[in-house]
Amino acid sequence: MRSHVIKAVFWRNLASYFSGVIGYLFIVVFVVACAAAAFSPRFFTNNLATLDQLSEYFPLLLLFIVPAVTMTSWAEEKRQGTDELLFTLPANDFEVLLGKYLAVLAVYTIALAFSGFNLFVLEWYAEPDWGLLFTTYFGYWLAGGALLAAGMFASVLTNSVTVAFVLGVAIGAIPVFVGKLSVAHPIFASLSLPEQLKEYSLGLVPLTSLVYFVSLTAFLLYLNEVFISKRHWSGGKDGQTMWIQFVVRSVSVAVALISFNVLVVKMSEAFPLNLDLTTEKLFTLSRSTRELIGKISSERPVTIQAFISADVPREQVSIQKRLKGLLRQYDREGGSRLDVRFVDVASFTPEAEEARLLGVQSMQVPTDEDGRRGVQEVFMGVVVSSPVDEVVVPIFEAGTSIEYELTRSIRTVANEKRLTVGMLTTDARVAGGFDMTHFRQLPEWRIQTELKKQYKVEQVAADSPIDEKKYDVVVAVMPSSLSPTQLPNLVDYVKKGRPTLIFDDPLPVFDGAGSQAPRLPKPRPGGGMMGGFNQQPPEPKAEDGKLTSLLKVLEVAWDNGEVIFDVAGVNLHPEFANMIQPELVFVSTKSGNKSAIHPTSPVTAGLQEVLTFFPGNIRQRQGSELKFDALLRSSVKAGTHAWEDITKQSGNPFGGGGIEINQNPPRQLTNEAYTLAAHITGKEVKGNKGLNVIFVSDADLISNQLFSLEASQQLPNLRIDNVKFVLNCVDVLAGETSYIDLRKRRAQLRTLTALQAVSDEFRKAQTDERGKAEGEAKEQLSKAQERLTKIVEEIEKDTALAPQQKAQKIGIARETEQRKLDVVRSNIEREKAKKIESIEAKTKQQIRAYEDWIRWWCILLPPIPAIVLGIIVLSSRINAEYRNVEADRLVKR
């Protein structure tokens, strides 16, 4: 190939495209269409700094811009007869073809570059991930480059520009819409251009998609070469046989390219061939996940059925995008051993019924989009199955670690051996069941449900010695409630060096009243007065709930009546200042104590905040030779409560002596950081393994209330890691560390920060106005009540009335005024509701108007550079033509 020939053809065709107004007009229309698609109303609803809306419609836009660029490449040459002149030049067919292709590719690149103004709009209103935006546009460029070859092939088939445009749309529609046939066979999905383009909108550059686009381009250019070279042989005596020969050649090229693509796909199953350019590596699978997928047996393949609503509210958009993106990587990584099936679910459809039958739950999400209030049913769950097992993740909530859930489920169904966790039976009733003491049904704690997804969980009774070989980890919640015959069995188990996770609490509030506090006696069987005076006395607690023998083994001190408070929580979360009391201890390095969360322990490294309720304090005893790693610590703005200061008796003589919590006890700061959780280990002694115990002085840390708070993440700026902490504790004790890194991942998609800030200002004003309306309503009600009081006082002062008459008159007045008051109250409430509704509508209108204002600017600004450039180029061309005209030919006026 001769570069100067290719260059000459390139500049000739590029200049011809921009010689008229039509070329610029197509570019302007394309840029406007791109902006309108990118910044559609859904863009603002999703609140993500991405070009997802443009990516969805971009293949359709290509069906417009590509034929517009390529329709003149060959057809115009044929119509004007310049093709014969072109091919008589000292250039071979491929050099001409390559020069023309590079010219149309340059035109398309210029059009795409003008549409790149969308990126600067995103930068203005958000903090986008530039790596993700780069790959998105790179995917647009590759997809357009492939269809340009198709458009040129359409142009070579005819000498009519109009027909070339129509044929270009028809031929380009084949790779764009072939994915619709995936219902017949999955292979059609892999041949689909939109399907291959999806990876790039996730911030990935996959080798498989790159090879797909290059192969498609190469094959279509080869067809161009065949048709422009047919003049050499089509009119000869062997013309018919040459057609057959070139058909066979074309088929052979297609087969070779398909085979190469299949080979690359197989290679990608063994080696990760994706380049993730996102800042936070949003869709890169971890090493442990890839290793697990590599171990899946071909005899026991894994299937993931993902039931995901296509249309979700703003709060779920980020979860939906990450879930779909990661599932695509699992599918690509797993090859034939792991198959992912995406099911778009809508309410009242067979797909929704299928999801429910398989255990996937729907979320009822309140929504007021498009001015209509209601509840939207959202599905966001998966079913992971193999020939031997099945795991259902019913809901992916805001606080869920998606890769962790998926990887853990795959490992379970892949029939890998699961370790066993023994859940010690105590009064905490972690396993749920029926409570004979209070005659009520208790739910299973969600932390046990969570452990069952990864471990084999069995209940352990401490009535007899615990089998040290049966359990990999024993979890004991509130062992202070064990009886004198049960506690020694737990102590013996710990002495033998068996991994044990202990949660005890000086003042547990998970039961609502602190009735399981170690210093309180066990409730009487049956509770209350059930059974009368013949009721059996409560069973005593071992060592009065002090755990003396256990603490001696661990060489730590723990006062079962000492409660920690920490005033740093108010500074950490000023937005909750009216709701937070110092006994709700937020463990965070932002509290001023850099060692509040152990920075290097695998249990706590990477955690950001842990919330505890009325925790206790653990101290290592002087002279202890055991290793004591403080995992969680308070800030130095802390202190302690004595049992007598934080509690008071409720006075129930038959119920076992209940207590009430003093909400405002005296608080004296000690300027000392207290240890709330510690990992205690020691050397092997007399053939026994060294101690391996994690002691946590708060059982509320794993309560259902805090579990739900972490999972939902409904409170802004509150991102607690209680569940992650507990699961890490179990994993470290069991020696299972493959999931710990997965739990630490906190990758988040970027949002429209500037728009969010303006919306927050509007909503703050709405809150202020709403408070004002409620205040006015209260004031009017207060005045109405004062009128009634005044009338009663006047009757009382009337000395002319007898007491009986006064009472009768007051009763009549009260009844009359009460009816008036009820009417007034009803009117005031109606007026208040009307005002609040008007305020909310005004706020939505303000936000919508602001979004519309931005949207129109986003649509109108991008084409301006193209229009200006077109005006400059065309003006200069006209001026140049005018200057070249001879003076005597100019018309003088």
# chains A, B, ... in the order shown; residues from 1 in each chain; ligands from 1
$ residues_around --residues "stretch 154-164 of chain A" --least-positions-apart "6" --cutoff "9 Å" --atoms "only C-alpha atoms" --output "PyMOL selection string"
chain A and resi 67+70-80+170-171+224+227-228
$ residues_around --residues "A:Leu54" --least-positions-apart "4" --cutoff "8 Å" --atoms "only C-alpha atoms" --output "ChimeraX atom specification"
/A:34-35,37-39,58
$ write_last_selection --atoms "C-alpha atoms" --output "PDB file, in the first residue's frame"
ATOM      1  CA  CYS A  34     -27.645  12.904  20.469  1.00  0.00           C
ATOM      2  CA  ALA A  35     -28.196  15.708  22.981  1.00  0.00           C
ATOM      3  CA  ALA A  37     -31.470  11.435  23.688  1.00  0.00           C
ATOM      4  CA  ALA A  38     -28.713  11.919  26.276  1.00  0.00           C
ATOM      5  CA  PHE A  39     -30.609  14.510  28.323  1.00  0.00           C
ATOM      6  CA  PHE A  58     -27.418   5.336  19.759  1.00  0.00           C
TER       7      PHE A  58
END
$ atom_distance --atom1 "atom CA of A:Gln608" --atom2 "atom CA of A:Thr751"
21.1 Å
$ residues_around --residues "A:Tyr17" --least-positions-apart "4" --cutoff "12 Å" --atoms "only C-alpha atoms" --output "list in words"
Phe10, Trp11, Arg12, Asn13, Val21, Ile22, Gly23, Tyr24, Leu25, Phe26, Ile27, Ala68, Val69, Thr70, Met71, Thr72, Ser73, Glu76, Lys100, Ala103, Val104, Leu105, Ala106, Val107, Tyr108, Ile110 and Gly870 of chain A
$ write_last_selection --atoms "C-alpha atoms" --output "short mmCIF file (atom, residue, chain, number, x, y, z; two decimals), in the first residue's frame"
data_model
loop_
_atom_site.label_atom_id
_atom_site.label_comp_id
_atom_site.auth_asym_id
_atom_site.auth_seq_id
_atom_site.Cartn_x
_atom_site.Cartn_y
_atom_site.Cartn_z
CA PHE A 10 -8.83 10.56 1.64
CA TRP A 11 -8.50 14.36 1.24
CA ARG A 12 -10.48 14.35 -2.01
CA ASN A 13 -13.49 12.62 -0.41
CA VAL A 21 -24.50 22.65 3.18
CA ILE A 22 -25.91 19.11 3.33
CA GLY A 23 -22.87 17.67 5.12
CA TYR A 24 -23.04 20.24 7.91
CA LEU A 25 -26.81 19.88 8.13
CA PHE A 26 -26.52 16.14 8.76
CA ILE A 27 -23.92 16.73 11.48
CA ALA A 68 -26.07 9.98 5.35
CA VAL A 69 -22.27 9.93 5.41
CA THR A 70 -21.71 6.95 3.11
CA MET A 71 -24.49 7.26 0.51
CA THR A 72 -22.35 9.37 -1.84
CA SER A 73 -19.10 7.41 -1.40
CA GLU A 76 -22.24 9.57 -6.59
CA LYS A 100 -12.61 6.39 0.95
CA ALA A 103 -12.60 9.71 4.72
CA VAL A 104 -16.10 8.65 5.82
CA LEU A 105 -14.62 7.54 9.16
CA ALA A 106 -13.12 11.03 9.56
CA VAL A 107 -16.50 12.63 8.81
CA TYR A 108 -18.20 10.42 11.38
CA ILE A 110 -15.92 14.86 13.43
CA GLY A 870 -20.09 25.40 8.84
#
$ closest_residue --among "A:Glu672, A:Glu644, A:Glu390, A:Glu333" --to "A:Glu291" --atoms "only C-alpha atoms"
A:Glu333
$ residues_around --residues "stretch 499-511 of chain A" --least-positions-apart "3" --cutoff "6 Å" --atoms "only C-alpha atoms" --output "compact mmCIF listing (two decimals) with C-alpha atoms, in the first residue's frame"
# COMPACT_ATOMS: atom_id res chain seq x y z
CA VAL A 473 -17.01 -21.49 64.76
CA VAL A 474 -19.41 -21.20 67.71
CA VAL A 475 -21.40 -17.97 68.09
CA ALA A 476 -22.67 -17.21 71.60
CA VAL A 477 -25.12 -14.32 72.00
CA MET A 478 -25.74 -13.33 75.63
CA GLY A 514 -33.62 -4.69 78.52
CA ALA A 517 -29.61 -7.67 81.04
CA ASN A 560 -21.85 -6.52 83.37
CA GLY A 561 -23.42 -3.34 84.73
CA GLY A 616 -20.05 -2.27 77.61
CA ASN A 692 -9.11 -17.68 69.36
CA VAL A 693 -12.01 -15.57 70.62
CA ILE A 694 -13.65 -12.33 69.52
CA PHE A 695 -15.55 -10.71 72.40
CA VAL A 696 -18.06 -7.96 71.57
CA SER A 697 -19.62 -6.08 74.45
CA ASP A 698 -22.84 -5.22 72.63
CA ALA A 699 -25.48 -7.67 71.41
CA ASP A 700 -27.66 -4.96 69.86
CA SER A 703 -30.14 -6.97 66.21
CA LEU A 733 -12.34 -17.12 63.14
$ residues_around --residues "stretch 617-627 of chain A" --least-positions-apart "5" --cutoff "12 Å" --atoms "only C-alpha atoms" --output "JSON, numbers by chain"
{"A": [503, 504, 505, 506, 507, 551, 552, 553, 554, 555, 556, 557, 558, 559, 560, 561, 562, 563, 564, 565, 585, 612, 632, 633, 634, 638, 639, 640, 641, 642, 672, 673, 674, 675, 676, 677, 678, 679, 680, 681, 682, 683, 684, 685, 690, 691, 692, 693, 694, 695, 696, 697, 698]}
$ atom_distance --atom1 "atom CA of A:Asp389" --atom2 "atom CA of A:Gln459"
22.1 Å
$ residues_around --residues "A:Arg2" --least-positions-apart "2" --cutoff "12 Å" --atoms "only C-alpha atoms" --output "ChimeraX atom specification"
/A:4-9,90-96,98-99
